[in-house]
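The file work_23.txt comes next; it holds compact mmCIF, C-alpha atoms and all ligand atoms.
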```txt
# COMPACT_ATOMS: atom_id res chain seq x y z
CA MET S 6 132.50 83.61 103.30
CA LYS S 7 133.35 81.27 100.47
CA ALA S 8 133.71 78.30 102.81
CA VAL S 9 130.19 78.73 104.18
CA SER S 10 128.71 79.20 100.69
CA ASN S 11 130.35 75.97 99.62
CA ALA S 12 129.00 74.19 102.69
CA VAL S 13 125.41 74.69 101.50
CA ASP S 14 124.10 71.20 100.77
CA SER S 15 121.93 71.27 97.62
CA GLU S 16 120.35 67.91 98.20
CA ARG S 17 119.54 68.56 101.84
CA LEU S 18 117.91 71.88 100.98
CA TRP S 19 115.90 70.35 98.13
CA ASP S 20 114.77 67.44 100.28
CA ASP S 21 113.60 69.91 102.91
CA LEU S 22 111.68 71.96 100.33
CA MET S 23 109.89 68.86 99.07
CA ALA S 24 109.22 67.65 102.62
CA LEU S 25 107.74 70.99 103.66
CA ALA S 26 105.57 70.99 100.51
CA GLY S 27 104.05 67.77 101.82
CA PHE S 28 102.29 69.69 104.62
CA GLY S 29 99.10 70.86 102.94
CA ALA S 30 99.99 69.23 99.60
CA ARG S 31 97.29 69.60 96.94
CA GLU S 32 96.53 66.95 94.35
CA ASP S 33 97.55 69.31 91.56
CA GLY S 34 101.08 69.58 92.97
CA GLY S 35 100.45 72.85 94.75
CA VAL S 36 100.23 73.64 98.45
CA CYS S 37 97.40 74.91 100.63
CA ARG S 38 98.92 75.72 104.01
CA HIS S 39 96.91 78.42 105.70
CA ALA S 40 98.52 80.23 108.60
CA LEU S 41 98.02 78.54 111.98
CA SER S 42 96.10 75.64 110.38
CA SER S 43 96.71 72.01 111.30
CA GLU S 44 98.99 71.77 108.22
CA ASP S 45 100.96 74.82 109.37
CA ILE S 46 101.21 73.44 112.91
CA ALA S 47 102.51 70.11 111.54
CA ALA S 48 105.03 71.94 109.33
CA ARG S 49 106.24 73.94 112.31
CA SER S 50 106.71 70.85 114.42
CA TRP S 51 108.63 69.21 111.56
CA LEU S 52 110.99 72.21 111.41
CA ILE S 53 111.33 72.32 115.20
CA GLY S 54 112.28 68.64 115.07
CA LYS S 55 115.00 69.38 112.53
CA ALA S 56 116.28 72.27 114.64
CA ARG S 57 116.54 69.93 117.63
CA GLU S 58 118.89 67.70 115.63
CA ARG S 59 121.34 70.59 115.89
CA ASP S 60 122.34 72.58 118.89
CA TYR S 61 119.99 75.48 118.15
CA SER S 62 117.75 77.37 120.51
CA ILE S 63 114.10 77.60 119.56
CA ALA S 64 111.58 80.26 120.56
CA ALA S 65 108.17 81.59 119.56
CA ASP S 66 106.57 84.94 120.31
CA ASP S 67 102.93 85.93 120.88
CA ALA S 68 102.37 86.11 117.10
CA ALA S 69 103.68 82.50 116.81
CA ASN S 70 106.68 83.73 114.86
CA LEU S 71 109.20 80.91 115.11
CA PHE S 72 112.87 81.67 115.80
CA ILE S 73 115.69 79.11 115.46
CA THR S 74 118.99 80.50 116.64
CA ARG S 75 122.56 79.37 116.13
CA ALA S 76 124.67 80.84 118.93
CA GLY S 77 127.43 83.36 118.29
CA ARG S 78 130.55 84.12 120.28
CA ASP S 79 128.68 86.90 122.08
CA ASN S 80 125.02 86.06 122.48
CA ALA S 81 124.32 89.42 124.06
CA LEU S 82 124.77 90.98 120.61
CA PRO S 83 121.62 91.43 118.52
CA PRO S 84 121.41 88.56 116.04
CA VAL S 85 121.37 88.60 112.29
CA LEU S 86 117.96 87.37 111.21
CA ALA S 87 116.97 85.57 107.99
CA GLY S 88 113.85 83.80 106.82
CA SER S 89 110.39 84.32 105.38
CA HIS S 90 106.97 82.72 105.93
CA MET S 91 105.56 79.18 105.87
CA ASP S 92 101.90 79.93 105.11
CA SER S 93 100.71 79.72 101.50
CA GLN S 94 97.89 80.95 99.33
CA PRO S 95 94.92 78.51 99.16
CA ALA S 96 96.11 77.37 95.71
CA GLY S 97 99.75 78.22 96.31
CA GLY S 98 103.03 76.61 95.40
CA LYS S 99 105.98 74.93 97.06
CA PHE S 100 108.36 77.88 97.14
CA ASP S 101 106.72 81.19 98.05
CA GLY S 102 107.83 81.79 101.63
CA ALA S 103 108.88 78.19 102.25
CA TYR S 104 112.04 78.77 100.26
CA GLY S 105 113.14 81.71 102.43
CA VAL S 106 112.66 79.83 105.69
CA LEU S 107 114.46 76.72 104.47
CA ALA S 108 117.30 78.63 102.78
CA ALA S 109 117.86 80.38 106.13
CA PHE S 110 117.76 77.07 108.00
CA GLU S 111 120.22 75.60 105.48
CA ALA S 112 122.50 78.61 106.01
CA LEU S 113 122.60 77.84 109.75
CA ARG S 114 123.64 74.26 109.02
CA ALA S 115 126.19 75.43 106.44
CA LEU S 116 127.77 77.65 109.12
CA ASP S 117 127.98 74.57 111.36
CA ASP S 118 129.36 72.36 108.64
CA ALA S 119 131.97 74.92 107.58
CA GLY S 120 133.02 75.16 111.23
CA ILE S 121 132.46 78.92 111.27
CA GLU S 122 131.96 80.81 114.50
CA THR S 123 130.23 84.15 114.13
CA ALA S 124 130.41 87.05 116.58
CA ARG S 125 126.65 87.48 116.55
CA PRO S 126 124.01 84.79 116.79
CA VAL S 127 122.29 83.95 113.50
CA THR S 128 118.55 83.32 113.64
CA CYS S 129 116.24 81.63 111.15
CA VAL S 130 112.70 83.01 111.36
CA ALA S 131 109.31 81.87 110.05
CA TRP S 132 106.86 84.78 110.18
CA THR S 133 103.16 84.08 110.78
CA ASN S 134 100.41 84.72 108.21
CA GLU S 135 102.30 86.67 105.57
CA GLU S 136 99.79 85.78 102.85
CA GLY S 137 96.64 86.88 104.61
CA GLY S 138 94.82 83.94 103.06
CA ARG S 139 93.07 82.82 106.25
CA PHE S 140 93.16 85.96 108.40
CA HIS S 141 92.82 88.64 105.80
CA VAL S 142 95.17 91.25 107.20
CA PRO S 143 98.53 90.01 105.88
CA CYS S 144 101.94 89.98 107.59
CA THR S 145 100.50 89.34 111.07
CA GLY S 146 103.85 88.13 112.37
CA SER S 147 106.22 90.71 110.95
CA ARG S 148 103.84 93.53 111.89
CA ALA S 149 103.63 92.25 115.47
CA PHE S 150 107.42 91.96 115.63
CA VAL S 151 107.76 95.64 114.74
CA SER S 152 104.83 97.00 116.77
CA GLY S 153 105.26 94.73 119.80
CA ALA S 154 101.72 93.33 119.70
CA VAL S 155 99.41 91.30 117.49
CA SER S 156 96.96 93.68 115.88
CA ASP S 157 93.25 92.87 115.78
CA PRO S 158 93.46 89.46 117.53
CA ALA S 159 89.64 89.24 117.50
CA GLN S 160 89.47 89.03 113.68
CA THR S 161 88.02 85.73 112.51
CA ASP S 162 88.57 83.38 109.58
CA ASP S 163 85.72 82.15 107.35
CA ALA S 164 84.90 79.45 109.92
CA GLY S 165 84.57 82.03 112.70
CA ILE S 166 87.81 81.06 114.48
CA SER S 167 89.58 84.08 115.94
CA LEU S 168 93.20 84.90 115.25
CA GLU S 169 93.76 84.88 119.00
CA SER S 170 92.50 81.33 119.39
CA ALA S 171 94.38 80.08 116.30
CA LEU S 172 97.57 81.57 117.75
CA ARG S 173 96.89 79.85 121.06
CA SER S 174 96.37 76.45 119.40
CA THR S 175 99.58 76.86 117.43
CA LEU S 176 101.64 77.89 120.44
CA ASP S 177 100.08 75.17 122.61
CA ALA S 178 101.15 72.57 120.03
CA ALA S 179 104.79 73.37 120.80
CA PRO S 180 104.72 73.75 124.60
CA ASP S 181 108.39 73.03 125.20
CA ILE S 182 109.92 75.87 123.22
CA GLU S 183 110.80 79.20 124.78
CA ARG S 184 108.07 81.87 124.74
CA ILE S 185 109.20 85.44 124.12
CA ALA S 186 107.51 88.81 123.70
CA PRO S 187 107.26 90.11 120.12
CA GLY S 188 110.18 92.22 118.97
CA PHE S 189 113.81 92.21 120.02
CA PRO S 190 116.87 94.11 118.76
CA VAL S 191 118.09 92.76 115.43
CA HIS S 192 121.34 93.66 113.69
CA ALA S 193 120.14 92.99 110.14
CA TYR S 194 117.46 90.99 108.33
CA VAL S 195 117.79 89.13 105.02
CA GLU S 196 114.82 87.49 103.28
CA PRO S 197 115.45 85.08 100.39
CA HIS S 198 112.42 84.64 98.10
CA ILE S 199 111.46 83.51 94.62
CA GLU S 200 111.26 86.57 92.39
CA GLN S 201 107.56 86.09 91.51
CA GLY S 202 108.36 87.95 88.30
CA PRO S 203 110.05 87.13 84.99
CA VAL S 204 113.21 89.27 85.03
CA LEU S 205 115.86 86.91 86.39
CA GLU S 206 114.69 83.97 84.32
CA ARG S 207 114.53 86.08 81.16
CA GLU S 208 118.03 87.45 81.75
CA GLU S 209 119.37 84.06 82.88
CA LEU S 210 120.64 85.53 86.13
CA PRO S 211 120.76 83.38 89.30
CA ILE S 212 120.55 86.22 91.83
CA GLY S 213 118.60 89.44 92.26
CA VAL S 214 119.88 91.86 94.89
CA VAL S 215 116.63 93.52 95.89
CA THR S 216 116.88 97.30 96.15
CA GLY S 217 113.50 97.85 97.80
CA ILE S 218 109.78 97.19 97.72
CA GLN S 219 107.30 99.40 95.95
CA GLY S 220 104.53 101.12 97.89
CA VAL S 221 100.85 100.29 97.69
CA ARG S 222 97.54 102.10 97.71
CA TRP S 223 94.45 99.88 97.90
CA PHE S 224 90.96 101.24 97.45
CA THR S 225 87.48 99.81 97.50
CA VAL S 226 84.86 101.54 95.42
CA ARG S 227 81.09 101.24 95.64
CA VAL S 228 79.11 102.68 92.75
CA GLU S 229 75.42 103.28 93.43
CA GLY S 230 72.94 103.33 90.58
CA GLU S 231 69.27 102.52 90.24
CA PRO S 232 67.89 99.07 89.49
CA GLY S 233 65.23 98.67 86.85
CA HIS S 234 63.78 96.38 84.22
CA ALA S 235 66.28 95.76 81.41
CA GLY S 236 63.49 95.76 78.85
CA THR S 237 61.50 98.80 79.89
CA VAL S 238 63.69 101.58 81.31
CA PRO S 239 64.87 103.89 78.50
CA GLN S 240 68.62 104.03 78.07
CA ALA S 241 68.77 107.80 78.56
CA SER S 242 67.15 107.78 81.99
CA ARG S 243 69.12 104.88 83.46
CA LYS S 244 71.54 104.96 86.35
CA ASP S 245 73.36 101.77 85.44
CA ALA S 246 76.01 101.13 88.09
CA PHE S 247 77.99 98.72 85.92
CA GLN S 248 78.22 101.08 82.95
CA ALA S 249 79.29 103.77 85.41
CA ALA S 250 81.96 101.51 86.94
CA MET S 251 83.32 100.79 83.46
CA ARG S 252 83.56 104.53 82.75
CA ALA S 253 85.37 104.98 86.05
CA ILE S 254 87.85 102.19 85.28
CA ALA S 255 88.50 103.65 81.82
CA ALA S 256 89.22 107.05 83.41
CA LEU S 257 91.54 105.40 85.96
CA ASN S 258 93.44 103.71 83.12
CA THR S 259 94.09 107.17 81.69
CA LEU S 260 95.23 108.45 85.10
CA MET S 261 97.57 105.48 85.56
CA ALA S 262 99.08 105.54 82.05
CA ASP S 263 102.87 105.27 82.26
CA THR S 264 105.16 105.11 79.26
CA ASP S 265 107.97 103.78 81.51
CA ASP S 266 105.73 100.86 82.59
CA ILE S 267 106.56 101.26 86.27
CA VAL S 268 103.03 101.97 87.53
CA ARG S 269 101.11 98.83 88.51
CA PHE S 270 97.33 99.27 88.38
CA THR S 271 94.84 96.42 88.81
CA VAL S 272 91.11 96.06 89.24
CA GLY S 273 91.03 92.47 90.44
CA HIS S 274 87.69 92.20 92.22
CA LEU S 275 84.31 93.30 90.97
CA SER S 276 80.81 92.40 92.06
CA ILE S 277 77.46 93.46 90.66
CA GLU S 278 74.16 93.74 92.48
CA PRO S 279 71.74 92.15 91.95
CA ASN S 280 73.79 90.35 89.25
CA SER S 281 70.78 89.35 87.20
CA PRO S 282 70.78 89.24 83.39
CA ASN S 283 67.59 91.29 82.96
CA THR S 284 67.95 93.82 85.77
CA ILE S 285 69.85 97.08 85.40
CA PRO S 286 72.76 96.86 87.88
CA ALA S 287 71.91 98.74 91.07
CA ALA S 288 75.38 98.74 92.61
CA VAL S 289 78.91 97.67 91.79
CA ARG S 290 81.84 97.15 94.10
CA PHE S 291 85.36 96.99 92.74
CA SER S 292 88.89 97.03 94.08
CA ILE S 293 91.90 99.09 93.05
CA ASP S 294 95.47 97.91 93.61
CA PHE S 295 97.93 100.68 92.72
CA ARG S 296 101.69 100.31 93.26
CA HIS S 297 104.78 102.35 92.55
CA PRO S 298 108.32 102.60 94.04
CA ASP S 299 108.07 106.41 94.36
CA ALA S 300 106.00 107.81 97.23
CA ALA S 301 105.42 111.08 95.36
CA VAL S 302 103.77 109.22 92.45
CA LEU S 303 101.63 107.19 94.86
CA ASP S 304 100.46 110.36 96.60
CA GLU S 305 99.89 112.36 93.44
CA ARG S 306 97.97 109.79 91.41
CA GLY S 307 96.44 108.06 94.44
CA GLY S 308 95.14 111.44 95.60
CA LYS S 309 93.17 111.88 92.36
CA VAL S 310 91.47 108.47 92.36
CA ALA S 311 88.30 109.40 94.30
CA ASP S 312 87.58 112.59 92.32
CA ILE S 313 88.13 110.92 88.97
CA ILE S 314 85.72 108.13 89.91
CA ALA S 315 83.08 110.54 91.23
CA GLU S 316 83.21 112.48 87.97
CA ALA S 317 83.16 109.43 85.70
CA VAL S 318 80.25 107.60 87.35
CA GLN S 319 77.72 110.42 86.94
CA PRO S 320 74.71 110.28 87.09
CA CYS S 321 75.50 107.44 89.51
CA THR S 322 77.35 108.14 92.74
CA ALA S 323 80.46 106.49 94.17
CA ASP S 324 82.02 105.98 97.56
CA THR S 325 85.79 105.44 97.30
CA GLN S 326 87.69 104.29 100.38
CA LEU S 327 91.46 104.07 100.74
CA THR S 328 91.82 100.81 102.69
CA THR S 329 95.59 100.28 102.70
CA SER S 330 98.48 102.63 102.24
CA LEU S 331 102.02 101.26 102.42
CA GLU S 332 105.00 103.45 101.69
CA PRO S 333 107.82 102.25 99.44
CA VAL S 334 110.81 100.73 101.21
CA ALA S 335 114.44 101.15 100.11
CA PHE S 336 116.89 98.51 101.37
CA PRO S 337 120.12 100.06 102.72
CA ASP S 338 123.65 99.50 101.67
CA PRO S 339 125.15 97.41 104.48
CA VAL S 340 122.71 94.62 103.62
CA THR S 341 122.57 94.98 99.84
CA SER S 342 126.36 95.17 99.61
CA ALA S 343 126.76 92.08 101.83
CA ILE S 344 124.45 90.23 99.43
CA SER S 345 126.31 91.47 96.32
CA GLN S 346 129.66 90.55 97.84
CA ALA S 347 128.42 87.10 98.82
CA ALA S 348 127.17 86.55 95.26
CA ASP S 349 130.55 87.65 93.88
CA GLY S 350 132.29 85.36 96.37
CA ALA S 351 130.16 82.43 95.23
CA GLY S 352 130.80 83.27 91.57
CA LEU S 353 127.12 83.99 90.91
CA ALA S 354 126.00 86.74 88.54
CA HIS S 355 123.53 89.23 90.01
CA LYS S 356 121.68 92.44 89.32
CA PRO S 357 119.81 94.99 91.41
CA LEU S 358 116.05 94.54 91.25
CA ALA S 359 113.04 96.20 92.90
CA SER S 360 110.37 93.95 94.39
CA GLY S 361 106.95 94.23 92.84
CA ALA S 362 105.31 92.05 95.49
CA PHE S 363 105.01 92.80 99.17
CA HIS S 364 107.03 90.87 101.75
CA ASP S 365 107.65 90.62 105.49
CA ALA S 366 110.93 92.47 104.84
CA ALA S 367 108.92 95.64 104.16
CA HIS S 368 107.83 95.64 107.80
CA ILE S 369 111.09 94.45 109.33
CA ALA S 370 112.90 97.22 107.40
CA SER S 371 111.49 99.69 109.92
CA ALA S 372 113.17 97.78 112.78
CA CYS S 373 116.63 97.10 111.34
CA PRO S 374 118.64 97.30 108.11
CA SER S 375 116.99 94.76 105.83
CA GLY S 376 117.37 93.27 102.39
CA MET S 377 116.20 90.50 100.13
CA ILE S 378 117.71 87.94 97.77
CA PHE S 379 115.63 86.93 94.76
CA ILE S 380 116.05 83.70 92.83
CA PRO S 381 114.42 83.05 89.45
CA CYS S 382 111.17 81.08 89.26
CA ARG S 383 109.71 79.45 86.18
CA GLY S 384 107.76 81.89 84.03
CA GLY S 385 107.73 84.34 86.94
CA LEU S 386 104.74 82.36 88.21
CA SER S 387 103.71 82.35 91.88
CA HIS S 388 100.58 82.01 94.03
CA HIS S 389 99.87 79.01 91.80
CA PRO S 390 100.27 75.22 92.12
CA ASP S 391 102.72 75.25 89.18
CA GLU S 392 105.07 77.68 90.94
CA TRP S 393 108.58 76.27 90.43
CA ALA S 394 112.21 77.09 91.19
CA GLU S 395 114.97 74.86 89.88
CA PRO S 396 117.12 73.07 92.47
CA GLU S 397 120.24 74.93 91.24
CA ALA S 398 118.43 78.24 91.68
CA CYS S 399 117.47 77.31 95.24
CA THR S 400 121.05 76.32 96.02
CA ALA S 401 122.45 79.52 94.54
CA GLY S 402 120.22 81.70 96.71
CA ALA S 403 121.11 79.74 99.85
CA ARG S 404 124.82 80.04 99.07
CA VAL S 405 124.52 83.81 98.73
CA LEU S 406 122.45 83.99 101.91
CA ALA S 407 124.95 81.93 103.89
CA GLY S 408 127.81 84.15 102.74
CA ALA S 409 125.90 87.34 103.49
CA LEU S 410 124.90 86.13 106.97
CA ALA S 411 128.48 85.12 107.79
CA GLN S 412 129.61 88.62 106.88
CA LEU S 413 126.77 90.50 108.61
CA ALA S 414 127.23 88.40 111.78
CA GLU S 415 130.82 89.70 112.09
CA THR S 416 130.12 93.40 111.53
CA ASN S 417 129.39 96.12 114.05
ZN ZN W 501 106.00 85.18 100.00
```

Render the structure in this file as structure tokens.
Amino acid sequence: MKAVSNAVDSERLWDDLMALAGFGAREDGGVCRHALSSEDIAARSWLIGKARERDYSIAADDAANLFITRAGRDNALPPVLAGSHMDSQPAGGKFDGAYGVLAAFEALRALDDAGIETARPVTCVAWTNEEGGRFHVPCTGSRAFVSGAVSDPAQTDDAGISLESALRSTLDAAPDIERIAPGFPVHAYVEPHIEQGPVLEREELPIGVVTGIQGVRWFTVRVEGEPGHAGTVPQASRKDAFQAAMRAIAALNTLMADTDDIVRFTVGHLSIEPNSPNTIPAAVRFSIDFRHPDAAVLDERGGKVADIIAEAVQPCTADTQLTTSLEPVAFPDPVTSAISQAADGAGLAHKPLASGAFHDAAHIASACPSGMIFIPCRGGLSHHPDEWAEPEACTAGARVLAGALAQLAETN
């Protein structure tokens, strides 16, 4: 385990990270690499080219998930899988997703370079459309892997291109790799990722052993009022949809209050109709993003959201829709302990940490024992051009991954 950790090549990994960041590079130093875009297709073909330099097998499934496999002693055994996604937010950074794919690819090469044979094959994966930036339902690839089919292939991007046709273009661009159906038996899955939060940096820890991913409830709310002239309609007889929405949000803040600071509650999108300075707002739409690691808390508080809004917006009315409901995921011991042991073996300090953000691992966790490795990122910043992870941090995570994969690829 130690030999493979030591075989991780810092410079090679860093060069790869910077090279991948060149596909969709923004002038401000960030990255815009939408899923299945020409930039994404070019990045995939770059990675396929690198995989061909080694004796790896390469395959893609119907969701254009890309699999690069280093053979084991018994290739009939389900592989150990590691990776993340290569798509970015429109104003994203160099590391979110990209790091996980390239750390996994580096781990494959480290296994080669350390001369280690594993019982099971080890596969590096790049999942399609994790971010949902272009096709708005996120985690297209990991969802398809678990369910066996791409969901809603007819959905279109802002230019009217369907997911189905974008998938076809991407797959057609790499005609000489093996095509497989989505989903196959996997022994374990490990996803390395920047933390996207401040904890590891603040505590000067190189490694977070992720214990799980908190659950999510997303709502959209439409408050209906009555438009009118801002100068003539008396205050007392108004049905001002914006004032009503503000009362609703204040009431939700009370519902979501948490002295332990574990609840995450955000109203991130709000629109006003007609959005005119001298017209009383007729309607307001706003979003609710509510997260917590405990399903009971999600159900209990999430279940009260619609009633609290309806009460607070009076005399206006509100329509509250639950649009997404994702249960919390707990990562199991065989994977978390392999990660902890690999960190110990590499002499890297670590702590258990829950993930605040959502990841492909949340979906894959329903198919096989899964886990994640977090590395610190500057200021906890992500989904931003200034997103940054130090080279040593990237190396540390890849060393832990390589050690964990070597161990998991030997176990029953
Ligand atoms: Zn990500």

To check your reading of the model: which residues sit at most 8 Å from ligand ZN 501 (chain W) when counting only C-alpha atoms and all ligand atoms? Write the answer as a ChimeraX atom specification. /S:89-90,93,101-103,135-136,198-199,363-365

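Interatomic distance, CA of Ala394 in chain S to CA of Pro374 in chain S: 27.1 Å.
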
Surrounding residues of Gln346 in chain S excluding itself and chain neighbours under 6 positions, 10 Å, only C-alpha atoms, as a ChimeraX atom specification: /S:6,340,352-353,405,408-409,412

Would you export the selected residues with C-alpha atoms as a CSV table (one decimal), in the coordinates of the input, please?
```csv
chain,number,residue,atom,x,y,z
S,6,MET,CA,132.5,83.6,103.3
S,340,VAL,CA,122.7,94.6,103.6
S,352,GLY,CA,130.8,83.3,91.6
S,353,LEU,CA,127.1,84.0,90.9
S,405,VAL,CA,124.5,83.8,98.7
S,408,GLY,CA,127.8,84.2,102.7
S,409,ALA,CA,125.9,87.3,103.5
S,412,GLN,CA,129.6,88.6,106.9
```

Quick one, how far is CA of Asn70 in chain S from CA of Ala48 in chain S?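 So the two atoms, CA of Asn70 in chain S and CA of Ala48 in chain S, lie 13.1 Å apart.
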
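The residue that comes closest to Asp312 in chain S, out of S:His274, S:Asp338, S:Val214, S:Leu260 and on the basis of only C-alpha atoms, is S:Leu260.
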
Residue nearest Phe150 in chain S among S:Thr225, S:Ser371, S:Gln219, S:Thr259 (counting only C-alpha atoms):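 Using only C-alpha atoms, the shortest distance to Phe150 in chain S belongs to S:Ser371.
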
When you look at Val228 in chain S with a cut-off of 9 Å (counting all atoms listed in the file), what residues show up, excluding the ones that are within fewer than 5 positions of it in the same chain? I need them as a PyMOL selection string. chain S and resi 246-247+249-250+287-291+315+318+321-325

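The interatomic distance for the pair CA of Ala401 in chain S and CA of Gly220 in chain S works out to 28.3 Å.
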
Calculated over only C-alpha atoms, which of the candidates S:Glu316, S:Glu122, S:Asp92, S:Asp162 has the smallest distance to Arg252 in chain S?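 Distance minimum relative to Arg252 in chain S lands on S:Glu316.
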
Tell me, counting only C-alpha atoms, for each residue of range 261-351 of chain S within 8 Å of range 7-30 of chain S, which pair of atoms is nearest and how far apart they are in Å to one decimal, in rows ordered by chain and increasing number, as a tab-separated table.
```
residue	atom	partner	partner_atom	distance
S:Ala347	CA	S:Lys7	CA	7.8
S:Gly350	CA	S:Lys7	CA	5.9
S:Ala351	CA	S:Lys7	CA	6.2
```

Export C-alpha atoms of the chosen residues as a CSV table (one decimal), keeping the file's coordinate frame?
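What ended up in part.csv:
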```csv
chain,number,residue,atom,x,y,z
S,347,ALA,CA,128.4,87.1,98.8
S,350,GLY,CA,132.3,85.4,96.4
S,351,ALA,CA,130.2,82.4,95.2
```

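Among the candidates S:Ile277, S:Ala47, S:Val106, S:Leu331, the residue lying nearest to Val221 in chain S is S:Leu331 (atoms considered: only C-alpha atoms).
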
Given the point (106.5, 76.9, 123.2) in the coordinates of this file, which residues lie within 12 Å, counting all atoms listed in the file, and how would they look as JSON, numbers by chain? {"S": [49, 50, 53, 62, 63, 64, 65, 66, 67, 68, 69, 70, 71, 72, 172, 173, 174, 175, 176, 177, 178, 179, 180, 181, 182, 183, 184, 185, 186]}

Listed atoms of range 370-383 of chain S, axis-aligned box, 3 Å per side: centre and edge lengths to one decimal in Å, as JSON?
```
{"center_x": 114.2, "center_y": 89.6, "center_z": 99.5, "size_x": 14.9, "size_y": 26.2, "size_z": 32.6}
```

Identify which of the residues S:Ala149, S:Val302, S:Val142, S:Leu327 lies closest to Val226 in chain S, counting all atoms listed in the file when measuring atom-to-atom distances.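 Under the stated criterion, the closest residue is S:Leu327.
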
Option closest in space to Ile267 in chain S, from S:Ser147, S:Ser360, S:Asn80, S:Ser42 [counting only C-alpha atoms]: S:Ser360

Interface rows for range 129-175 of chain S against range 81-88 of chain S: nearest pair, Å to one decimal, 7 Å, all atoms listed in the file, as CSV:
```
residue,atom,partner,partner_atom,distance
S:Cys129,CA,S:Ala87,CA,5.1
S:Val130,CA,S:Gly88,CA,4.7
S:Ala131,CA,S:Gly88,CA,5.9
```

N, CA and C atoms restored at range 370-386 of chain S, emitted as a PDB file, in the frame of the given file:
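Wrote it out as selection.pdb, contents follow:
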```pdb
ATOM      1  N   ALA S 370     112.002  96.120 107.800  1.00  0.00           N
ATOM      2  CA  ALA S 370     112.900  97.220 107.400  1.00  0.00           C
ATOM      3  C   ALA S 370     112.770  98.426 108.326  1.00  0.00           C
ATOM      4  N   SER S 371     111.622  98.555 109.009  1.00  0.00           N
ATOM      5  CA  SER S 371     111.490  99.690 109.920  1.00  0.00           C
ATOM      6  C   SER S 371     112.140  99.395 111.277  1.00  0.00           C
ATOM      7  N   ALA S 372     112.537  98.139 111.505  1.00  0.00           N
ATOM      8  CA  ALA S 372     113.170  97.780 112.780  1.00  0.00           C
ATOM      9  C   ALA S 372     114.681  97.643 112.670  1.00  0.00           C
ATOM     10  N   CYS S 373     115.187  97.290 111.511  1.00  0.00           N
ATOM     11  CA  CYS S 373     116.630  97.100 111.340  1.00  0.00           C
ATOM     12  C   CYS S 373     116.974  97.145 109.858  1.00  0.00           C
ATOM     13  N   PRO S 374     118.263  97.347 109.522  1.00  0.00           N
ATOM     14  CA  PRO S 374     118.640  97.300 108.110  1.00  0.00           C
ATOM     15  C   PRO S 374     118.251  95.951 107.522  1.00  0.00           C
ATOM     16  N   SER S 375     117.543  95.993 106.405  1.00  0.00           N
ATOM     17  CA  SER S 375     116.990  94.760 105.830  1.00  0.00           C
ATOM     18  C   SER S 375     117.305  94.681 104.348  1.00  0.00           C
ATOM     19  N   GLY S 376     117.170  93.476 103.820  1.00  0.00           N
ATOM     20  CA  GLY S 376     117.370  93.270 102.390  1.00  0.00           C
ATOM     21  C   GLY S 376     116.767  91.963 101.971  1.00  0.00           C
ATOM     22  N   MET S 377     116.755  91.737 100.663  1.00  0.00           N
ATOM     23  CA  MET S 377     116.200  90.500 100.130  1.00  0.00           C
ATOM     24  C   MET S 377     117.073  89.960  99.006  1.00  0.00           C
ATOM     25  N   ILE S 378     117.042  88.635  98.875  1.00  0.00           N
ATOM     26  CA  ILE S 378     117.710  87.940  97.770  1.00  0.00           C
ATOM     27  C   ILE S 378     116.618  87.291  96.935  1.00  0.00           C
ATOM     28  N   PHE S 379     116.592  87.591  95.646  1.00  0.00           N
ATOM     29  CA  PHE S 379     115.630  86.930  94.760  1.00  0.00           C
ATOM     30  C   PHE S 379     116.329  85.833  93.956  1.00  0.00           C
ATOM     31  N   ILE S 380     115.603  84.733  93.772  1.00  0.00           N
ATOM     32  CA  ILE S 380     116.050  83.700  92.830  1.00  0.00           C
ATOM     33  C   ILE S 380     114.991  83.573  91.731  1.00  0.00           C
ATOM     34  N   PRO S 381     115.395  83.148  90.537  1.00  0.00           N
ATOM     35  CA  PRO S 381     114.420  83.050  89.450  1.00  0.00           C
ATOM     36  C   PRO S 381     113.397  81.945  89.707  1.00  0.00           C
ATOM     37  N   CYS S 382     112.178  82.145  89.221  1.00  0.00           N
ATOM     38  CA  CYS S 382     111.170  81.080  89.260  1.00  0.00           C
ATOM     39  C   CYS S 382     110.575  80.967  87.865  1.00  0.00           C
ATOM     40  N   ARG S 383     110.124  79.777  87.556  1.00  0.00           N
ATOM     41  CA  ARG S 383     109.710  79.450  86.180  1.00  0.00           C
ATOM     42  C   ARG S 383     108.560  80.352  85.718  1.00  0.00           C
ATOM     43  N   GLY S 384     108.798  81.038  84.617  1.00  0.00           N
ATOM     44  CA  GLY S 384     107.760  81.890  84.030  1.00  0.00           C
ATOM     45  C   GLY S 384     107.359  83.049  84.927  1.00  0.00           C
ATOM     46  N   GLY S 385     108.101  83.272  85.999  1.00  0.00           N
ATOM     47  CA  GLY S 385     107.730  84.340  86.940  1.00  0.00           C
ATOM     48  C   GLY S 385     106.462  84.017  87.725  1.00  0.00           C
ATOM     49  N   LEU S 386     106.038  82.748  87.637  1.00  0.00           N
ATOM     50  CA  LEU S 386     104.740  82.360  88.210  1.00  0.00           C
ATOM     51  C   LEU S 386     104.821  82.132  89.718  1.00  0.00           C
TER      52      LEU S 386
END
```
